[in-house]
file protein-v8.txt (compact mmCIF, C-alpha atoms and all ligand atoms)
# COMPACT_ATOMS: atom_id res chain seq x y z
CA MET D 1 0.00 0.00 0.00
CA THR D 2 1.37 3.42 -0.97
CA ILE D 3 0.54 6.40 1.21
CA PRO D 4 1.02 9.47 -1.01
CA SER D 5 3.72 11.76 0.39
CA PHE D 6 3.18 14.85 -1.72
CA VAL D 7 0.03 16.40 -3.21
CA ILE D 8 0.18 19.26 -5.70
CA GLY D 9 -2.76 21.44 -6.76
CA ILE D 10 -2.44 23.24 -10.11
CA ALA D 11 -4.96 25.98 -10.93
CA GLY D 12 -5.17 28.66 -13.63
CA GLY D 13 -7.39 29.89 -16.41
CA THR D 14 -8.50 27.84 -19.36
CA GLY D 15 -5.61 27.32 -21.77
CA ALA D 16 -3.05 28.61 -19.27
CA GLY D 17 -0.94 25.47 -19.56
CA LYS D 18 -1.98 23.54 -16.42
CA THR D 19 -2.10 20.15 -18.13
CA THR D 20 1.18 20.86 -19.91
CA VAL D 21 2.91 21.82 -16.65
CA ALA D 22 1.52 18.73 -14.90
CA ARG D 23 2.72 16.51 -17.76
CA LEU D 24 6.20 18.05 -18.01
CA ILE D 25 7.01 17.98 -14.30
CA THR D 26 6.09 14.31 -14.05
CA GLU D 27 7.55 13.10 -17.33
CA ASN D 28 10.51 11.28 -15.78
CA VAL D 29 8.93 9.65 -12.77
CA GLY D 30 6.84 7.04 -14.51
CA GLU D 31 4.08 5.46 -12.49
CA SER D 32 4.96 7.08 -9.17
CA VAL D 33 2.72 10.03 -9.99
CA THR D 34 -1.03 10.21 -10.52
CA ARG D 35 -2.58 13.15 -12.36
CA ILE D 36 -6.21 13.88 -11.60
CA PRO D 37 -7.98 16.47 -13.80
CA ILE D 38 -10.79 18.09 -11.85
CA ASP D 39 -12.72 18.19 -15.13
CA ASN D 40 -13.56 14.58 -14.30
CA TYR D 41 -15.55 15.88 -11.33
CA TYR D 42 -18.00 18.00 -13.32
CA ASN D 43 -21.52 17.17 -12.11
CA ASP D 44 -23.24 14.24 -13.75
CA LEU D 45 -25.77 15.93 -16.09
CA SER D 46 -27.41 12.81 -17.49
CA HIS D 47 -30.83 14.14 -16.47
CA LEU D 48 -30.47 17.01 -19.01
CA GLU D 49 -30.82 16.95 -22.81
CA LEU D 50 -27.68 17.74 -24.85
CA SER D 51 -29.14 21.13 -25.83
CA GLU D 52 -29.62 21.96 -22.13
CA ARG D 53 -26.13 20.76 -21.24
CA GLU D 54 -24.70 23.02 -23.94
CA SER D 55 -25.87 26.09 -22.07
CA VAL D 56 -24.57 25.15 -18.59
CA ASN D 57 -22.02 27.48 -16.99
CA TYR D 58 -19.00 25.17 -16.70
CA ASP D 59 -16.77 27.82 -15.19
CA HIS D 60 -18.83 28.39 -12.04
CA PRO D 61 -17.82 26.44 -8.90
CA SER D 62 -21.32 24.95 -8.71
CA ALA D 63 -20.58 22.96 -11.89
CA PHE D 64 -18.32 20.60 -9.93
CA GLU D 65 -19.03 17.78 -7.47
CA TRP D 66 -16.59 18.98 -4.79
CA GLU D 67 -17.65 16.44 -2.19
CA LEU D 68 -16.77 13.54 -4.46
CA LEU D 69 -13.36 15.06 -5.27
CA HIS D 70 -12.71 15.67 -1.57
CA ASP D 71 -13.73 12.14 -0.55
CA GLN D 72 -11.74 10.49 -3.32
CA LEU D 73 -8.61 12.51 -2.55
CA ALA D 74 -8.98 11.59 1.14
CA THR D 75 -9.30 7.92 0.13
CA LEU D 76 -6.08 8.09 -1.91
CA LEU D 77 -4.29 9.78 0.99
CA GLN D 78 -5.29 6.83 3.17
CA GLY D 79 -3.60 4.53 0.67
CA GLN D 80 -6.78 3.18 -0.92
CA PRO D 81 -7.71 3.12 -4.64
CA ILE D 82 -10.61 5.11 -6.09
CA GLU D 83 -12.99 4.78 -9.03
CA MET D 84 -12.38 8.12 -10.71
CA PRO D 85 -15.19 9.44 -12.92
CA LYS D 86 -14.32 10.31 -16.54
CA TYR D 87 -15.63 13.19 -18.59
CA ASP D 88 -16.63 13.61 -22.23
CA PHE D 89 -16.29 17.26 -23.36
CA GLU D 90 -17.98 16.60 -26.70
CA VAL D 91 -21.30 15.73 -25.05
CA HIS D 92 -20.78 17.77 -21.87
CA ASN D 93 -21.28 14.84 -19.55
CA ARG D 94 -19.67 12.16 -17.48
CA LYS D 95 -18.82 8.94 -19.23
CA ASP D 96 -20.46 5.73 -18.09
CA GLU D 97 -17.11 4.15 -17.26
CA THR D 98 -14.82 5.03 -14.37
CA GLU D 99 -11.07 4.52 -14.05
CA THR D 100 -9.43 2.74 -11.14
CA VAL D 101 -6.74 4.99 -9.71
CA GLU D 102 -4.24 3.55 -7.24
CA PRO D 103 -2.51 5.81 -4.70
CA THR D 104 1.03 6.83 -5.71
CA ASP D 105 3.85 8.79 -4.02
CA VAL D 106 2.86 12.04 -5.71
CA ILE D 107 -0.65 13.14 -6.68
CA ILE D 108 -1.45 16.13 -8.88
CA ILE D 109 -4.93 17.67 -8.91
CA GLU D 110 -5.26 20.00 -11.86
CA GLY D 111 -8.04 22.25 -13.14
CA ILE D 112 -9.39 25.79 -13.46
CA LEU D 113 -10.70 25.79 -9.87
CA ALA D 114 -8.16 23.45 -8.27
CA LEU D 115 -7.47 26.05 -5.56
CA HIS D 116 -11.10 27.05 -4.99
CA ASP D 117 -12.23 24.68 -2.23
CA GLU D 118 -10.85 25.45 1.22
CA GLU D 119 -10.86 21.88 2.52
CA ILE D 120 -9.24 20.50 -0.60
CA ASN D 121 -6.63 23.27 -0.47
CA GLU D 122 -5.67 22.08 2.98
CA MET D 123 -4.90 18.65 1.56
CA PHE D 124 -2.31 20.08 -0.85
CA ASP D 125 1.36 20.30 0.07
CA LEU D 126 2.11 22.64 -2.84
CA ARG D 127 -0.32 24.97 -4.57
CA LEU D 128 0.53 26.30 -8.01
CA TYR D 129 -1.25 28.90 -10.13
CA VAL D 130 -0.35 28.95 -13.82
CA GLU D 131 -0.71 32.46 -15.18
CA THR D 132 -0.88 33.19 -18.89
CA ASP D 133 -2.27 36.28 -20.64
CA ALA D 134 -5.96 36.09 -21.59
CA ASP D 135 -5.31 36.69 -25.30
CA VAL D 136 -2.92 33.74 -25.46
CA ARG D 137 -5.37 31.56 -23.53
CA ILE D 138 -8.36 32.30 -25.76
CA LEU D 139 -6.30 31.61 -28.90
CA ARG D 140 -5.21 28.27 -27.46
CA ARG D 141 -8.78 27.50 -26.42
CA ILE D 142 -10.22 28.21 -29.86
CA GLN D 143 -7.68 25.89 -31.41
CA ARG D 144 -8.24 23.13 -28.85
CA ASP D 145 -12.04 23.30 -28.66
CA VAL D 146 -12.46 23.26 -32.42
CA ILE D 147 -9.95 20.47 -33.04
CA GLU D 148 -10.39 18.28 -29.95
CA ARG D 149 -13.73 19.12 -28.38
CA GLY D 150 -16.02 19.26 -31.43
CA ARG D 151 -16.96 22.98 -31.20
CA ASP D 152 -17.31 25.72 -33.80
CA LEU D 153 -15.67 29.14 -33.69
CA GLU D 154 -18.90 31.04 -33.00
CA GLY D 155 -19.77 28.74 -30.09
CA VAL D 156 -16.33 29.10 -28.52
CA ILE D 157 -16.50 32.89 -28.73
CA ASP D 158 -20.06 33.04 -27.32
CA GLN D 159 -19.16 30.78 -24.41
CA TYR D 160 -15.97 32.73 -23.72
CA LEU D 161 -17.76 36.06 -23.51
CA SER D 162 -20.85 34.85 -21.63
CA THR D 163 -19.31 32.60 -18.96
CA VAL D 164 -15.61 31.74 -19.33
CA LYS D 165 -14.27 35.30 -19.06
CA PRO D 166 -16.58 36.60 -16.29
CA MET D 167 -16.16 33.44 -14.20
CA HIS D 168 -12.41 33.63 -14.65
CA GLU D 169 -12.42 37.13 -13.23
CA GLN D 170 -14.86 36.33 -10.42
CA PHE D 171 -13.71 32.89 -9.26
CA ILE D 172 -10.54 31.60 -10.91
CA GLU D 173 -8.13 34.54 -10.91
CA PRO D 174 -8.80 35.28 -7.19
CA THR D 175 -7.54 31.78 -6.26
CA LYS D 176 -4.07 33.04 -7.17
CA LYS D 177 -3.98 34.31 -3.58
CA GLN D 178 -4.07 30.70 -2.36
CA ALA D 179 -1.02 29.74 -4.40
CA ASP D 180 2.43 29.08 -2.95
CA LEU D 181 3.95 29.69 -6.39
CA ILE D 182 2.72 31.50 -9.50
CA ILE D 183 4.11 30.17 -12.76
CA PRO D 184 4.20 32.82 -15.47
CA GLU D 185 3.63 31.98 -19.14
CA GLY D 186 2.58 28.42 -18.50
CA ALA D 187 5.24 25.84 -19.02
CA ASN D 188 8.30 28.09 -18.64
CA SER D 189 11.39 25.91 -18.59
CA VAL D 190 12.99 27.29 -15.40
CA ALA D 191 9.85 26.66 -13.36
CA VAL D 192 9.31 23.27 -14.97
CA ASN D 193 12.88 22.14 -14.23
CA LEU D 194 12.67 23.21 -10.57
CA LEU D 195 9.34 21.51 -10.06
CA GLU D 196 10.51 18.42 -11.87
CA GLU D 197 13.41 18.15 -9.41
CA LYS D 198 11.02 18.55 -6.49
CA VAL D 199 8.72 15.83 -7.77
CA GLN D 200 11.70 13.54 -8.41
CA ALA D 201 12.96 14.10 -4.85
CA GLU D 202 9.54 13.27 -3.42
CA VAL D 203 9.37 10.08 -5.43
CA GLU D 204 12.87 8.99 -4.45
CA GLY D 205 12.70 10.17 -0.84
CA ASP D 206 11.43 8.25 2.13
CA THR D 207 9.09 10.96 3.33
CA THR D 208 5.79 10.43 5.04
CA ARG D 209 3.14 13.05 4.74
CA ASP D 210 1.62 15.16 7.50
CA TRP D 211 -2.10 15.53 6.93
CA GLU D 212 -2.16 19.08 8.31
CA ARG D 213 -0.07 21.81 6.69
CA PRO D 214 2.17 23.43 9.35
CA THR D 215 0.81 26.77 10.59
CA PRO D 216 3.19 29.67 9.87
CA GLU D 217 4.88 31.10 13.00
N1 LIG Q 1 4.35 27.33 -22.79
C1 LIG Q 1 3.64 27.00 -23.85
N2 LIG Q 1 4.00 27.37 -25.07
C2 LIG Q 1 3.28 27.06 -26.16
N3 LIG Q 1 2.13 26.32 -26.14
C3 LIG Q 1 1.72 25.90 -24.94
C4 LIG Q 1 2.44 26.21 -23.72
N4 LIG Q 1 1.76 25.67 -22.68
C5 LIG Q 1 0.68 25.07 -23.21
N5 LIG Q 1 0.66 25.20 -24.55
C6 LIG Q 1 -0.38 24.68 -25.48
O1 LIG Q 1 -1.59 25.36 -25.16
C7 LIG Q 1 -2.70 24.47 -25.21
C8 LIG Q 1 -3.40 24.49 -23.86
O2 LIG Q 1 -2.51 23.98 -22.89
P1 LIG Q 1 -3.03 23.09 -21.69
O3 LIG Q 1 -1.83 22.65 -20.92
O4 LIG Q 1 -3.96 22.03 -22.17
O5 LIG Q 1 -3.85 24.19 -20.87
P2 LIG Q 1 -4.90 24.05 -19.68
O6 LIG Q 1 -4.74 22.66 -19.11
O7 LIG Q 1 -4.50 25.09 -18.70
O8 LIG Q 1 -6.25 24.30 -20.29
C9 LIG Q 1 -2.13 23.11 -25.59
O9 LIG Q 1 -2.29 22.95 -26.97
C10 LIG Q 1 -0.66 23.21 -25.24
O10 LIG Q 1 0.13 22.41 -26.06
O1 LIG Q 2 -18.79 20.24 -20.63
C1 LIG Q 2 -17.90 21.10 -20.54
C2 LIG Q 2 -17.03 21.17 -19.47
C3 LIG Q 2 -16.06 22.14 -19.44
N1 LIG Q 2 -15.96 23.04 -20.43
C4 LIG Q 2 -14.90 24.06 -20.40
O2 LIG Q 2 -13.66 23.47 -20.10
C5 LIG Q 2 -12.83 24.42 -19.45
C6 LIG Q 2 -11.91 23.75 -18.48
O3 LIG Q 2 -10.95 22.95 -19.13
P1 LIG Q 2 -9.45 23.48 -19.37
O4 LIG Q 2 -8.74 22.25 -19.87
O5 LIG Q 2 -8.92 23.95 -18.06
O6 LIG Q 2 -9.50 24.57 -20.37
C7 LIG Q 2 -13.74 25.39 -18.74
O7 LIG Q 2 -13.31 26.72 -18.99
C8 LIG Q 2 -15.14 25.13 -19.34
O8 LIG Q 2 -15.66 26.25 -19.95
C9 LIG Q 2 -16.84 23.00 -21.49
O9 LIG Q 2 -16.76 23.83 -22.42
N2 LIG Q 2 -17.79 22.03 -21.53

call {"tool": "encode", "arguments": {"input": "protein-v8.txt", "output": "structure tokens"}}
result
Amino acid sequence: MTIPSFVIGIAGGTGAGKTTVARLITENVGESVTRIPIDNYYNDLSHLELSERESVNYDHPSAFEWELLHDQLATLLQGQPIEMPKYDFEVHNRKDETETVEPTDVIIIEGILALHDEEINEMFDLRLYVETDADVRILRRIQRDVIERGRDLEGVIDQYLSTVKPMHEQFIEPTKKQADLIIPEGANSVAVNLLEEKVQAEVEGDTTRDWERPTPE
């Protein structure tokens, strides 16, 4: 049984580079790291029609099932596996299947609102906020949503102006205050190299994790 020794939360706006940072800093540690996208914890919307799901505000905190994320993270920290939900962006809903996730030395929780929930924040040993200019993020998002998530340009722009941008300003950007480190320009190589070393040390080290973060003197 592995009791995770280090938990990292990575927040930041859409297209900021959260997934890229998470991937790069864990590239060389193989299966000792688990990456959990909080997108998988969007509410199950099976009771809604596709046309109704298309107009949900996916950038508001109420779009996520926080309790499930909290409970599953706690389970991993106790050394037990979880059945992680999976998400399908094309149909805006949870998939029927889940994925078994075993606890590993290092766990990364990554998503726009990864630093939003107070109790979950307390479970992190390191909190990162990836900061990238809004114009760069929207360009990346257009490209990604059209190519990978089955959207059209008009839809991406409408969604950005109606919910993504205002929710970013109201809920996501303020979580920067919870961060221990702010990473400018997404996957900048200096930050990535330092964090990669930290992750490597946690994987190789014989550390056990304190549940409570130490209170500053
Ligand atoms: N530093 C960077 N330079 C150039 N492209 C990047 C950089 N970081 C991320 N990207 C690209 O931007 C897109 C969004 O990045 P991603 O990591 O998925 O963002 P997020 O998870 O924050 O939404 C991806 O296509 C990714 O390859
Ligand atoms: O059904 C959905 C669920 C989410 N979204 C959008 O996804 C982004 C979050 O993903 P990133 O990888 O961090 O960009 C969020 O801004 C939601 O607007 C969606 O469009 N549909």

call {"tool": "residues_near_ligand", "arguments": {"input": "protein-v8.txt", "ligand": "ligand LIG 1 (chain Q)", "cutoff": "7 Å", "atoms": "all atoms listed in the file", "output": "PyMOL selection string"}}
result
chain D and resi 12-21+111+140-141+144+185-188

call {"tool": "atom_distance", "arguments": {"input": "protein-v8.txt", "atom1": "CA of Glu97 in chain D", "atom2": "CA of Ser55 in chain D"}}
result
24.1 Å

call {"tool": "closest_residue", "arguments": {"input": "protein-v8.txt", "among": "D:Val136, D:Met167, D:Ile112, D:Leu76", "to": "ligand LIG 2 (chain Q)", "atoms": "all atoms listed in the file"}}
result
D:Ile112

call {"tool": "residues_near_ligand", "arguments": {"input": "protein-v8.txt", "ligand": "ligand LIG 2 (chain Q)", "cutoff": "9 Å", "atoms": "all atoms listed in the file", "output": "ChimeraX atom specification"}}
result
/D:11-19,37-39,42,53-54,56-60,63,87-94,110-113,137,141,144-145,149,151,156,159-160,163-165,167-168

call {"tool": "atom_distance", "arguments": {"input": "protein-v8.txt", "atom1": "CA of Arg127 in chain D", "atom2": "CA of Ile10 in chain D"}}
result
6.2 Å

call {"tool": "closest_residue", "arguments": {"input": "protein-v8.txt", "among": "D:Thr34, D:Val29, D:His116, D:Asp152", "to": "Gln170 in chain D", "atoms": "all atoms listed in the file"}}
result
D:His116

call {"tool": "decode", "arguments": {"input": "protein-v8.txt", "residues": "range 143-162 of chain D", "atoms": "N, CA and C atoms", "output": "PDB file, in the first residue's frame"}}
result
ATOM      1  N   GLN D 143      -8.331  26.977 -30.681  1.00  0.00           N
ATOM      2  CA  GLN D 143      -7.683  25.888 -31.415  1.00  0.00           C
ATOM      3  C   GLN D 143      -8.063  24.523 -30.818  1.00  0.00           C
ATOM      4  N   ARG D 144      -7.962  24.410 -29.498  1.00  0.00           N
ATOM      5  CA  ARG D 144      -8.237  23.126 -28.850  1.00  0.00           C
ATOM      6  C   ARG D 144      -9.709  22.724 -28.956  1.00  0.00           C
ATOM      7  N   ASP D 145     -10.618  23.671 -28.673  1.00  0.00           N
ATOM      8  CA  ASP D 145     -12.039  23.304 -28.658  1.00  0.00           C
ATOM      9  C   ASP D 145     -12.536  22.915 -30.045  1.00  0.00           C
ATOM     10  N   VAL D 146     -12.017  23.585 -31.065  1.00  0.00           N
ATOM     11  CA  VAL D 146     -12.459  23.256 -32.425  1.00  0.00           C
ATOM     12  C   VAL D 146     -11.874  21.910 -32.862  1.00  0.00           C
ATOM     13  N   ILE D 147     -10.587  21.704 -32.560  1.00  0.00           N
ATOM     14  CA  ILE D 147      -9.945  20.472 -33.042  1.00  0.00           C
ATOM     15  C   ILE D 147     -10.300  19.263 -32.167  1.00  0.00           C
ATOM     16  N   GLU D 148     -10.256  19.458 -30.836  1.00  0.00           N
ATOM     17  CA  GLU D 148     -10.392  18.282 -29.955  1.00  0.00           C
ATOM     18  C   GLU D 148     -11.761  18.135 -29.295  1.00  0.00           C
ATOM     19  N   ARG D 149     -12.501  19.232 -29.174  1.00  0.00           N
ATOM     20  CA  ARG D 149     -13.732  19.121 -28.380  1.00  0.00           C
ATOM     21  C   ARG D 149     -14.992  19.334 -29.215  1.00  0.00           C
ATOM     22  N   GLY D 150     -14.860  19.261 -30.548  1.00  0.00           N
ATOM     23  CA  GLY D 150     -16.022  19.258 -31.435  1.00  0.00           C
ATOM     24  C   GLY D 150     -16.846  20.538 -31.429  1.00  0.00           C
ATOM     25  N   ARG D 151     -16.213  21.710 -31.236  1.00  0.00           N
ATOM     26  CA  ARG D 151     -16.960  22.979 -31.195  1.00  0.00           C
ATOM     27  C   ARG D 151     -16.732  23.778 -32.476  1.00  0.00           C
ATOM     28  N   ASP D 152     -17.608  24.812 -32.691  1.00  0.00           N
ATOM     29  CA  ASP D 152     -17.315  25.720 -33.802  1.00  0.00           C
ATOM     30  C   ASP D 152     -16.886  27.083 -33.246  1.00  0.00           C
ATOM     31  N   LEU D 153     -16.280  27.883 -34.125  1.00  0.00           N
ATOM     32  CA  LEU D 153     -15.674  29.140 -33.694  1.00  0.00           C
ATOM     33  C   LEU D 153     -16.683  30.041 -32.979  1.00  0.00           C
ATOM     34  N   GLU D 154     -17.887  30.152 -33.575  1.00  0.00           N
ATOM     35  CA  GLU D 154     -18.895  31.040 -32.998  1.00  0.00           C
ATOM     36  C   GLU D 154     -19.271  30.595 -31.568  1.00  0.00           C
ATOM     37  N   GLY D 155     -19.412  29.281 -31.397  1.00  0.00           N
ATOM     38  CA  GLY D 155     -19.771  28.742 -30.087  1.00  0.00           C
ATOM     39  C   GLY D 155     -18.684  29.018 -29.049  1.00  0.00           C
ATOM     40  N   VAL D 156     -17.444  28.869 -29.457  1.00  0.00           N
ATOM     41  CA  VAL D 156     -16.333  29.096 -28.517  1.00  0.00           C
ATOM     42  C   VAL D 156     -16.308  30.563 -28.093  1.00  0.00           C
ATOM     43  N   ILE D 157     -16.522  31.444 -29.052  1.00  0.00           N
ATOM     44  CA  ILE D 157     -16.497  32.889 -28.732  1.00  0.00           C
ATOM     45  C   ILE D 157     -17.678  33.252 -27.826  1.00  0.00           C
ATOM     46  N   ASP D 158     -18.874  32.760 -28.155  1.00  0.00           N
ATOM     47  CA  ASP D 158     -20.056  33.042 -27.323  1.00  0.00           C
ATOM     48  C   ASP D 158     -19.845  32.581 -25.887  1.00  0.00           C
ATOM     49  N   GLN D 159     -19.357  31.340 -25.757  1.00  0.00           N
ATOM     50  CA  GLN D 159     -19.155  30.777 -24.410  1.00  0.00           C
ATOM     51  C   GLN D 159     -18.090  31.584 -23.657  1.00  0.00           C
ATOM     52  N   TYR D 160     -17.050  31.972 -24.369  1.00  0.00           N
ATOM     53  CA  TYR D 160     -15.967  32.729 -23.718  1.00  0.00           C
ATOM     54  C   TYR D 160     -16.492  34.038 -23.140  1.00  0.00           C
ATOM     55  N   LEU D 161     -17.290  34.751 -23.963  1.00  0.00           N
ATOM     56  CA  LEU D 161     -17.763  36.065 -23.505  1.00  0.00           C
ATOM     57  C   LEU D 161     -18.855  35.956 -22.444  1.00  0.00           C
ATOM     58  N   SER D 162     -19.715  34.917 -22.567  1.00  0.00           N
ATOM     59  CA  SER D 162     -20.846  34.852 -21.632  1.00  0.00           C
ATOM     60  C   SER D 162     -20.472  34.249 -20.288  1.00  0.00           C
TER      61      SER D 162
END
